[in-house]
$ cat upload_34.cif   # mmCIF, C-alpha atoms and all ligand atoms
data_data
loop_
_atom_site.label_atom_id
_atom_site.label_comp_id
_atom_site.auth_asym_id
_atom_site.auth_seq_id
_atom_site.Cartn_x
_atom_site.Cartn_y
_atom_site.Cartn_z
CA MET A 1 -16.49 81.93 105.09
CA ARG A 2 -13.56 84.34 105.26
CA HIS A 3 -9.89 83.93 106.15
CA PHE A 4 -7.41 86.64 107.19
CA LEU A 5 -4.06 85.68 105.71
CA THR A 6 -3.04 89.15 104.55
CA LEU A 7 -4.68 92.60 104.73
CA LYS A 8 -5.61 92.11 101.09
CA ASP A 9 -8.23 89.55 102.10
CA PHE A 10 -10.32 92.49 103.33
CA THR A 11 -11.62 95.55 101.50
CA PRO A 12 -10.64 99.06 102.62
CA GLU A 13 -14.22 99.52 103.89
CA GLU A 14 -14.10 96.30 105.92
CA LEU A 15 -10.76 97.28 107.44
CA LYS A 16 -12.04 100.71 108.40
CA GLN A 17 -15.08 99.12 109.97
CA LEU A 18 -12.78 96.73 111.86
CA ILE A 19 -10.70 99.60 113.29
CA ASP A 20 -13.84 101.46 114.39
CA ARG A 21 -15.12 98.28 116.00
CA ALA A 22 -11.79 97.69 117.76
CA ILE A 23 -12.02 101.16 119.31
CA GLU A 24 -15.58 100.42 120.44
CA LEU A 25 -14.66 97.00 121.88
CA LYS A 26 -11.80 98.67 123.77
CA ARG A 27 -14.21 101.20 125.25
CA MET A 28 -16.63 98.43 126.26
CA HIS A 29 -13.84 96.38 127.82
CA LYS A 30 -12.52 99.36 129.81
CA ALA A 31 -16.06 100.11 131.00
CA GLY A 32 -16.29 96.56 132.34
CA GLU A 33 -19.11 95.57 129.99
CA VAL A 34 -19.47 91.82 129.58
CA TYR A 35 -19.87 90.94 125.89
CA GLU A 36 -19.73 87.27 124.96
CA PRO A 37 -20.49 86.81 121.25
CA LEU A 38 -18.28 83.70 121.09
CA LYS A 39 -19.69 81.82 124.07
CA ASN A 40 -18.54 78.19 123.99
CA LYS A 41 -16.52 78.84 120.82
CA VAL A 42 -12.93 77.64 120.57
CA LEU A 43 -9.88 79.12 118.83
CA ALA A 44 -6.99 76.77 118.04
CA MET A 45 -3.65 78.59 118.15
CA ILE A 46 -0.81 76.91 116.24
CA PHE A 47 2.56 78.43 117.16
CA ASP A 48 5.70 77.32 115.32
CA LYS A 49 7.51 80.45 116.56
CA SER A 50 7.71 82.22 119.93
CA SER A 51 5.23 84.88 121.02
CA THR A 52 4.23 87.04 123.95
CA ARG A 53 1.75 89.59 122.57
CA THR A 54 0.05 87.41 119.99
CA ARG A 55 -0.59 84.51 122.31
CA VAL A 56 -1.73 86.60 125.26
CA SER A 57 -3.98 88.84 123.15
CA PHE A 58 -5.74 86.03 121.29
CA GLU A 59 -6.13 83.88 124.39
CA ALA A 60 -7.36 86.73 126.59
CA GLY A 61 -9.65 87.98 123.82
CA MET A 62 -11.32 84.59 123.45
CA VAL A 63 -11.90 84.30 127.20
CA GLN A 64 -13.34 87.84 127.30
CA PHE A 65 -15.66 86.85 124.43
CA GLY A 66 -16.98 83.90 126.46
CA GLY A 67 -15.01 81.25 124.56
CA GLY A 68 -11.63 79.62 124.94
CA ALA A 69 -8.35 79.01 123.15
CA ILE A 70 -6.06 76.00 122.77
CA PHE A 71 -2.31 76.57 122.49
CA LEU A 72 -0.66 74.09 120.14
CA SER A 73 3.13 73.93 119.81
CA PRO A 74 5.03 71.71 117.35
CA ASN A 75 6.64 69.95 120.31
CA ASP A 76 3.29 68.52 121.32
CA THR A 77 1.32 68.00 118.10
CA GLN A 78 1.62 65.54 115.24
CA LEU A 79 2.10 68.57 112.94
CA GLY A 80 5.52 68.85 114.57
CA ARG A 81 6.19 65.18 113.71
CA GLY A 82 5.34 65.62 110.04
CA GLU A 83 1.58 64.97 109.79
CA PRO A 84 0.58 66.75 106.57
CA VAL A 85 -0.78 70.29 106.93
CA GLU A 86 -3.83 69.34 104.85
CA ASP A 87 -4.72 66.41 107.14
CA SER A 88 -4.10 68.46 110.28
CA SER A 89 -6.28 71.24 108.91
CA ARG A 90 -9.23 68.93 108.23
CA VAL A 91 -9.01 67.40 111.69
CA ILE A 92 -8.37 70.54 113.76
CA SER A 93 -10.97 72.62 111.93
CA SER A 94 -13.58 69.89 112.47
CA MET A 95 -13.30 70.41 116.22
CA VAL A 96 -12.87 74.17 116.70
CA ASP A 97 -14.51 77.37 115.44
CA MET A 98 -11.45 79.31 114.27
CA VAL A 99 -7.74 78.69 113.80
CA MET A 100 -4.82 81.07 114.31
CA ILE A 101 -1.39 80.17 112.92
CA ARG A 102 2.10 81.57 113.47
CA THR A 103 4.68 79.81 111.35
CA PHE A 104 7.61 80.22 108.96
CA ASP A 105 6.44 79.52 105.40
CA HIS A 106 3.47 81.63 104.32
CA ASN A 107 2.41 78.80 102.03
CA MET A 108 1.67 76.69 105.11
CA VAL A 109 -1.16 79.00 106.24
CA GLU A 110 -2.51 79.10 102.68
CA ARG A 111 -2.57 75.29 102.50
CA PHE A 112 -4.14 75.09 105.94
CA ALA A 113 -6.82 77.59 104.92
CA ASP A 114 -7.55 75.66 101.72
CA TYR A 115 -8.50 72.58 103.73
CA SER A 116 -10.06 74.29 106.76
CA SER A 117 -13.79 74.28 107.42
CA VAL A 118 -13.41 77.32 109.72
CA PRO A 119 -11.79 80.78 109.36
CA VAL A 120 -7.98 80.88 109.51
CA ILE A 121 -5.99 83.86 110.81
CA ASN A 122 -2.34 84.53 109.95
CA ALA A 123 -0.64 85.49 113.20
CA LEU A 124 2.76 86.01 111.47
CA THR A 125 4.64 84.21 108.76
CA ASP A 126 8.05 84.92 107.25
CA ASP A 127 6.23 87.15 104.74
CA TYR A 128 3.41 88.96 106.56
CA HIS A 129 2.10 90.06 109.98
CA PRO A 130 -1.38 91.44 109.23
CA CYS A 131 -2.76 91.26 112.79
CA GLN A 132 -0.06 93.67 113.93
CA LEU A 133 -1.17 96.15 111.28
CA LEU A 134 -4.73 96.14 112.62
CA ALA A 135 -3.35 97.19 116.00
CA ASP A 136 -0.99 99.75 114.45
CA MET A 137 -3.76 101.36 112.40
CA GLN A 138 -6.06 101.47 115.44
CA THR A 139 -3.31 103.09 117.48
CA TYR A 140 -2.56 105.75 114.89
CA VAL A 141 -6.26 106.59 114.54
CA GLU A 142 -6.65 106.88 118.32
CA HIS A 143 -3.76 109.34 118.55
CA ARG A 144 -4.06 111.34 115.34
CA GLY A 145 -7.27 110.45 113.49
CA SER A 146 -7.41 109.00 109.98
CA ILE A 147 -4.10 107.85 108.48
CA GLU A 148 -5.37 108.37 104.92
CA GLY A 149 -3.08 110.74 103.01
CA LYS A 150 -0.41 110.73 105.76
CA THR A 151 3.20 109.70 105.20
CA VAL A 152 4.63 106.70 107.04
CA THR A 153 8.31 105.77 106.99
CA TRP A 154 9.46 102.22 107.55
CA VAL A 155 13.09 102.04 108.74
CA GLY A 156 15.10 98.82 108.72
CA ASP A 157 14.53 95.38 107.28
CA GLY A 158 12.19 94.78 104.33
CA ASN A 159 10.65 91.95 106.34
CA ASN A 160 7.19 90.53 107.16
CA MET A 161 6.15 93.71 109.00
CA CYS A 162 7.40 95.86 106.13
CA HIS A 163 5.38 93.77 103.66
CA SER A 164 2.25 94.20 105.76
CA TYR A 165 2.90 97.97 105.88
CA ILE A 166 2.99 97.90 102.07
CA ASN A 167 -0.38 96.13 102.05
CA ALA A 168 -1.66 98.64 104.61
CA ALA A 169 -0.56 101.60 102.47
CA ASP A 170 -2.72 100.11 99.73
CA ARG A 171 -5.70 99.42 101.96
CA PHE A 172 -5.62 102.48 104.25
CA GLY A 173 -4.43 105.00 101.65
CA PHE A 174 -1.22 106.38 103.16
CA ASN A 175 2.12 107.14 101.47
CA LEU A 176 4.93 104.80 102.48
CA ASN A 177 8.67 105.50 102.45
CA ILE A 178 10.89 102.49 103.07
CA ALA A 179 14.52 102.93 104.15
CA THR A 180 16.56 99.73 104.10
CA PRO A 181 20.22 98.86 103.63
CA GLU A 182 21.02 97.64 100.12
CA GLY A 183 20.09 94.00 99.79
CA TYR A 184 17.40 94.17 102.50
CA GLU A 185 14.64 95.74 100.41
CA PRO A 186 11.08 94.36 100.60
CA ARG A 187 9.98 91.85 97.96
CA ALA A 188 9.67 93.62 94.61
CA ASP A 189 6.42 91.83 93.68
CA ILE A 190 4.71 92.96 96.89
CA VAL A 191 5.80 96.56 96.24
CA ALA A 192 4.74 96.35 92.59
CA GLU A 193 1.23 95.08 93.25
CA ALA A 194 0.44 97.75 95.89
CA ASP A 195 -1.93 100.48 94.78
CA ALA A 196 -0.12 103.13 96.85
CA GLU A 197 2.67 105.70 96.76
CA ILE A 198 5.69 103.67 97.85
CA ALA A 199 9.23 105.08 97.72
CA LEU A 200 12.35 103.03 98.44
CA PHE A 201 15.46 104.59 100.01
CA ASN A 202 18.83 103.33 101.14
CA ASP A 203 19.30 106.09 103.70
CA VAL A 204 17.16 107.04 106.67
CA ALA A 205 17.43 110.84 106.57
CA SER A 206 15.94 111.23 103.08
CA ALA A 207 13.14 108.80 103.89
CA VAL A 208 11.88 110.28 107.16
CA LYS A 209 11.55 113.90 106.01
CA GLY A 210 7.89 114.90 105.97
CA SER A 211 6.76 111.76 107.82
CA ASP A 212 3.91 111.54 110.31
CA LEU A 213 4.78 108.10 111.62
CA ILE A 214 8.12 106.28 111.88
CA VAL A 215 8.06 102.51 112.27
CA THR A 216 10.84 100.01 112.73
CA ASP A 217 11.36 96.38 113.73
CA VAL A 218 14.17 94.04 114.73
CA TRP A 219 17.12 93.64 112.37
CA ALA A 220 17.03 89.84 112.56
CA SER A 221 13.58 88.26 112.64
CA MET A 222 12.66 84.90 114.11
CA GLY A 223 14.41 82.25 112.05
CA GLN A 224 17.32 84.61 111.16
CA GLU A 225 19.15 84.38 114.47
CA GLU A 226 22.35 83.13 112.83
CA GLU A 227 22.48 86.33 110.72
CA GLN A 228 22.41 88.62 113.78
CA LYS A 229 26.08 89.67 113.65
CA LYS A 230 26.10 90.24 109.90
CA ARG A 231 22.91 92.27 110.17
CA GLU A 232 24.25 94.42 113.01
CA THR A 233 26.91 95.60 110.57
CA ALA A 234 24.57 96.03 107.60
CA PHE A 235 21.97 97.97 109.65
CA ALA A 236 24.37 100.09 111.73
CA ASP A 237 23.11 103.33 110.10
CA PHE A 238 19.45 102.35 110.44
CA GLN A 239 18.74 103.06 114.09
CA VAL A 240 15.73 105.25 114.87
CA ASP A 241 17.15 107.72 117.39
CA SER A 242 16.24 111.28 118.40
CA SER A 243 18.11 112.78 115.44
CA VAL A 244 15.98 110.67 113.07
CA MET A 245 12.74 111.61 114.84
CA ALA A 246 13.78 115.29 114.64
CA LEU A 247 13.79 115.08 110.82
CA ALA A 248 10.14 113.97 110.71
CA ASN A 249 7.10 116.25 110.91
CA ASP A 250 6.21 117.95 114.18
CA GLY A 251 4.10 115.56 116.21
CA ALA A 252 5.38 112.50 114.35
CA LEU A 253 4.80 109.28 116.23
CA PHE A 254 6.98 106.20 116.68
CA MET A 255 5.82 102.58 116.55
CA HIS A 256 7.48 99.18 116.89
CA CYS A 257 5.64 95.86 116.95
CA LEU A 258 7.95 94.63 119.74
CA PRO A 259 9.95 92.91 121.06
CA ALA A 260 12.46 95.78 120.69
CA HIS A 261 16.24 95.79 120.97
CA ARG A 262 17.18 99.15 122.48
CA GLY A 263 20.53 100.28 121.10
CA GLU A 264 20.00 98.39 117.83
CA GLU A 265 17.00 99.35 115.65
CA VAL A 266 15.78 101.97 118.16
CA SER A 267 17.53 104.06 120.80
CA ALA A 268 16.39 103.72 124.40
CA GLU A 269 15.53 107.42 124.35
CA VAL A 270 13.07 107.14 121.45
CA MET A 271 11.45 103.99 122.87
CA ASP A 272 10.67 105.73 126.12
CA ASN A 273 9.80 109.22 124.82
CA PRO A 274 6.18 110.46 124.60
CA GLU A 275 6.14 110.25 120.78
CA SER A 276 6.58 106.49 121.18
CA ILE A 277 3.17 104.84 121.34
CA VAL A 278 4.45 101.28 121.45
CA TRP A 279 2.58 100.34 124.65
CA ASP A 280 -0.79 101.40 123.26
CA GLU A 281 0.18 99.61 120.05
CA ALA A 282 0.87 96.39 121.96
CA GLU A 283 -2.34 96.64 124.01
CA ASN A 284 -4.36 97.22 120.87
CA ARG A 285 -3.44 93.74 119.65
CA LEU A 286 -6.13 92.60 122.06
CA HIS A 287 -8.86 94.96 120.91
CA ALA A 288 -8.10 94.82 117.18
CA GLN A 289 -8.01 91.01 117.13
CA LYS A 290 -11.25 90.82 119.08
CA ALA A 291 -12.79 92.90 116.30
CA LEU A 292 -11.25 90.52 113.75
CA VAL A 293 -12.47 87.38 115.51
CA GLU A 294 -15.96 88.84 115.86
CA PHE A 295 -16.00 89.79 112.16
CA LEU A 296 -14.87 86.33 111.02
CA HIS A 297 -17.40 84.70 113.32
CA LEU A 298 -20.28 86.86 112.04
CA ASN A 299 -19.28 86.33 108.39
CA ARG A 300 -19.28 82.53 108.44
N1 LIG B 1 4.46 91.90 117.96
C1 LIG B 1 4.29 90.58 118.13
O1 LIG B 1 3.71 89.86 117.30
O2 LIG B 1 4.74 90.14 119.33
P1 LIG B 1 4.91 88.63 119.79
O3 LIG B 1 6.00 88.00 118.96
O4 LIG B 1 5.29 88.72 121.25
O5 LIG B 1 3.60 87.91 119.61
N1 LIG B 2 9.85 90.73 112.17
C1 LIG B 2 9.69 90.12 113.48
C2 LIG B 2 8.35 90.47 114.07
C3 LIG B 2 8.11 89.90 115.43
C4 LIG B 2 6.76 90.21 115.97
C5 LIG B 2 9.86 88.63 113.37
O1 LIG B 2 9.34 88.04 112.43
O2 LIG B 2 10.54 88.05 114.22
#

$ encode --input "upload_34.cif" --output "structure tokens"
Amino acid sequence: MRHFLTLKDFTPEELKQLIDRAIELKRMHKAGEVYEPLKNKVLAMIFDKSSTRTRVSFEAGMVQFGGGAIFLSPNDTQLGRGEPVEDSSRVISSMVDMVMIRTFDHNMVERFADYSSVPVINALTDDYHPCQLLADMQTYVEHRGSIEGKTVTWVGDGNNMCHSYINAADRFGFNLNIATPEGYEPRADIVAEADAEIALFNDVASAVKGSDLIVTDVWASMGQEEEQKKRETAFADFQVDSSVMALANDGALFMHCLPAHRGEEVSAEVMDNPESIVWDEAENRLHAQKALVEFLHLNR
């Protein structure tokens, strides 16, 4: 049985196969083909943080696959009242076929996976967001072909998305520049263990030169709301606007996992320009996660 807690749980070959499969599942879905490999199967979805894309994509994907999904919030479960993760894992996994978790502490999904009798998917923790990277890689491939050997620049916070980009650089073989304000760098151990060309910068202009893809994310992630004002000051020079995009390679693309704050990490102009492929990126959450769910189901 396999879990998907970070991209490093999968080999480069498996990830490539997953992206190819996501593109095929998208084609089948658009053609109206009914494909139900998870008929009568159930995905439990544990959400300790808010979500639009993740919830809708997993839930819709399970229905399209002939199964169903159960939304579990801490307000309604005993997990939210302090029932141990290990006990909850044994019980929930005894009744469903797969579990998806969005929470704060990454260690919670690891503990859940340790006690689970079914595959566990990390749908965002404070440290990683691997499902988003599946969609991002699919989207890049659809627009430009293989990302291997290309240069990607991450602009902004060294957060969960940034960490998953570091893992992706390792697994998909691209070069990664990371531009953050001082003090907001990604975790040094995650950078150190990546088998990839990773360069850290404290200014955007030097980082984006020669880039094929520019990616950013919110300045204050979920759980950091009280730091919003402080971060607006720290990140003031880290907005992706047209002048930043102009420094990148011709044909460079822009991505953002969303939700976006126009006027903060990205200008309204860049968000809504043709080089921005954020809507395809969001839609691909559906197709990429269907490929993931199918893979985990077949590899049980
Ligand atoms: N990108 C992403 O994970 O979006 P949601 O928070 O809406 O799920
Ligand atoms: N870094 C953001 C991503 C949201 C999808 C957060 O954790 O809030």

$ closest_residue --input "upload_34.cif" --among "A:Glu13, A:Asp203, A:Glu265, A:Glu193" --to "ligand LIG 2 (chain B)" --atoms "only C-alpha atoms and all ligand atoms"
A:Glu265

$ closest_residue --input "upload_34.cif" --among "A:Ala188, A:Asp280, A:Trp154, A:Asn202" --to "Val240 in chain A" --atoms "only C-alpha atoms"
A:Trp154

$ residues_near_point --input "upload_34.cif" --point "(-11.6, 85.9, 114.6)" --cutoff "10 Å" --atoms "all atoms listed in the file" --output "number ranges by chain"
A: 2-4, 38, 43, 58, 61-62, 97-100, 119-121, 288-299

$ residues_around --input "upload_34.cif" --residues "Ile166 in chain A" --least-positions-apart "6" --cutoff "9 Å" --atoms "all atoms listed in the file" --output "list of chain:residue names"
A:Leu176, A:Pro186, A:Ile190, A:Val191, A:Ala194, A:Ala196, A:Ile198

$ closest_residue --input "upload_34.cif" --among "A:Ser276, A:Thr52, A:Asn167, A:Ser73" --to "ligand LIG 1 (chain B)" --atoms "only C-alpha atoms and all ligand atoms"
A:Thr52

$ residues_around --input "upload_34.cif" --residues "Ser164 in chain A" --least-positions-apart "2" --cutoff "8 Å" --atoms "only C-alpha atoms" --output "VMD selection string"
chain A and resid 6 to 7 128 to 130 133 160 to 162 166 to 168

$ build_atoms --input "upload_34.cif" --residues "range 235-246 of chain A" --atoms "all heavy atoms" --output "compact mmCIF listing (two decimals), keeping the file's coordinate frame"
# COMPACT_ATOMS: atom_id res chain seq x y z
N PHE A 235 23.02 97.04 109.22
CA PHE A 235 21.97 97.97 109.65
C PHE A 235 22.49 99.07 110.58
O PHE A 235 21.68 99.83 111.13
CB PHE A 235 20.85 97.19 110.36
CG PHE A 235 19.98 96.38 109.44
CD1 PHE A 235 20.37 95.13 109.00
CD2 PHE A 235 18.75 96.86 109.01
CE1 PHE A 235 19.58 94.37 108.14
CE2 PHE A 235 17.94 96.12 108.15
CZ PHE A 235 18.36 94.87 107.72
N ALA A 236 23.81 99.16 110.72
CA ALA A 236 24.37 100.09 111.73
C ALA A 236 23.85 101.52 111.56
O ALA A 236 23.68 102.24 112.55
CB ALA A 236 25.89 100.05 111.66
N ASP A 237 23.59 101.95 110.32
CA ASP A 237 23.11 103.33 110.10
C ASP A 237 21.59 103.41 110.07
O ASP A 237 21.03 104.42 109.62
CB ASP A 237 23.65 103.86 108.76
CG ASP A 237 25.16 103.99 108.78
OD1 ASP A 237 25.71 104.22 109.89
OD2 ASP A 237 25.80 103.82 107.72
N PHE A 238 20.92 102.39 110.55
CA PHE A 238 19.45 102.35 110.44
C PHE A 238 18.76 102.32 111.80
O PHE A 238 17.68 101.77 111.95
CB PHE A 238 19.03 101.17 109.55
CG PHE A 238 19.33 101.43 108.09
CD1 PHE A 238 20.62 101.30 107.60
CD2 PHE A 238 18.34 101.89 107.23
CE1 PHE A 238 20.91 101.58 106.27
CE2 PHE A 238 18.63 102.18 105.91
CZ PHE A 238 19.92 102.03 105.42
N GLN A 239 19.39 102.96 112.78
CA GLN A 239 18.74 103.06 114.09
C GLN A 239 17.82 104.28 114.13
O GLN A 239 18.21 105.37 113.69
CB GLN A 239 19.78 103.21 115.20
CG GLN A 239 19.14 103.27 116.59
CD GLN A 239 20.16 103.50 117.70
OE1 GLN A 239 20.42 104.63 118.10
NE2 GLN A 239 20.75 102.42 118.17
N VAL A 240 16.61 104.11 114.65
CA VAL A 240 15.73 105.25 114.87
C VAL A 240 16.12 105.87 116.22
O VAL A 240 15.85 105.29 117.28
CB VAL A 240 14.24 104.84 114.86
CG1 VAL A 240 13.36 106.06 115.13
CG2 VAL A 240 13.87 104.18 113.53
N ASP A 241 16.78 107.01 116.16
CA ASP A 241 17.15 107.72 117.39
C ASP A 241 16.54 109.13 117.34
O ASP A 241 15.79 109.46 116.41
CB ASP A 241 18.67 107.75 117.57
CG ASP A 241 19.39 108.42 116.41
OD1 ASP A 241 18.72 109.13 115.60
OD2 ASP A 241 20.63 108.25 116.29
N SER A 242 16.87 109.96 118.32
CA SER A 242 16.24 111.28 118.40
C SER A 242 16.56 112.14 117.19
O SER A 242 15.73 112.95 116.75
CB SER A 242 16.71 112.01 119.66
OG SER A 242 16.32 111.24 120.77
N SER A 243 17.75 111.96 116.62
CA SER A 243 18.11 112.78 115.44
C SER A 243 17.24 112.39 114.25
O SER A 243 16.89 113.23 113.41
CB SER A 243 19.60 112.65 115.12
OG SER A 243 19.90 111.37 114.63
N VAL A 244 16.88 111.12 114.15
CA VAL A 244 15.98 110.67 113.07
C VAL A 244 14.58 111.22 113.31
O VAL A 244 13.94 111.78 112.40
CB VAL A 244 15.96 109.12 113.00
CG1 VAL A 244 14.84 108.63 112.09
CG2 VAL A 244 17.31 108.60 112.51
N MET A 245 14.10 111.11 114.54
CA MET A 245 12.74 111.61 114.84
C MET A 245 12.66 113.12 114.58
O MET A 245 11.63 113.63 114.15
CB MET A 245 12.35 111.30 116.30
CG MET A 245 12.14 109.82 116.61
SD MET A 245 10.91 108.98 115.58
CE MET A 245 9.39 109.81 116.04
N ALA A 246 13.77 113.84 114.82
CA ALA A 246 13.78 115.29 114.64
C ALA A 246 13.61 115.68 113.17
O ALA A 246 13.18 116.80 112.87
CB ALA A 246 15.08 115.87 115.19
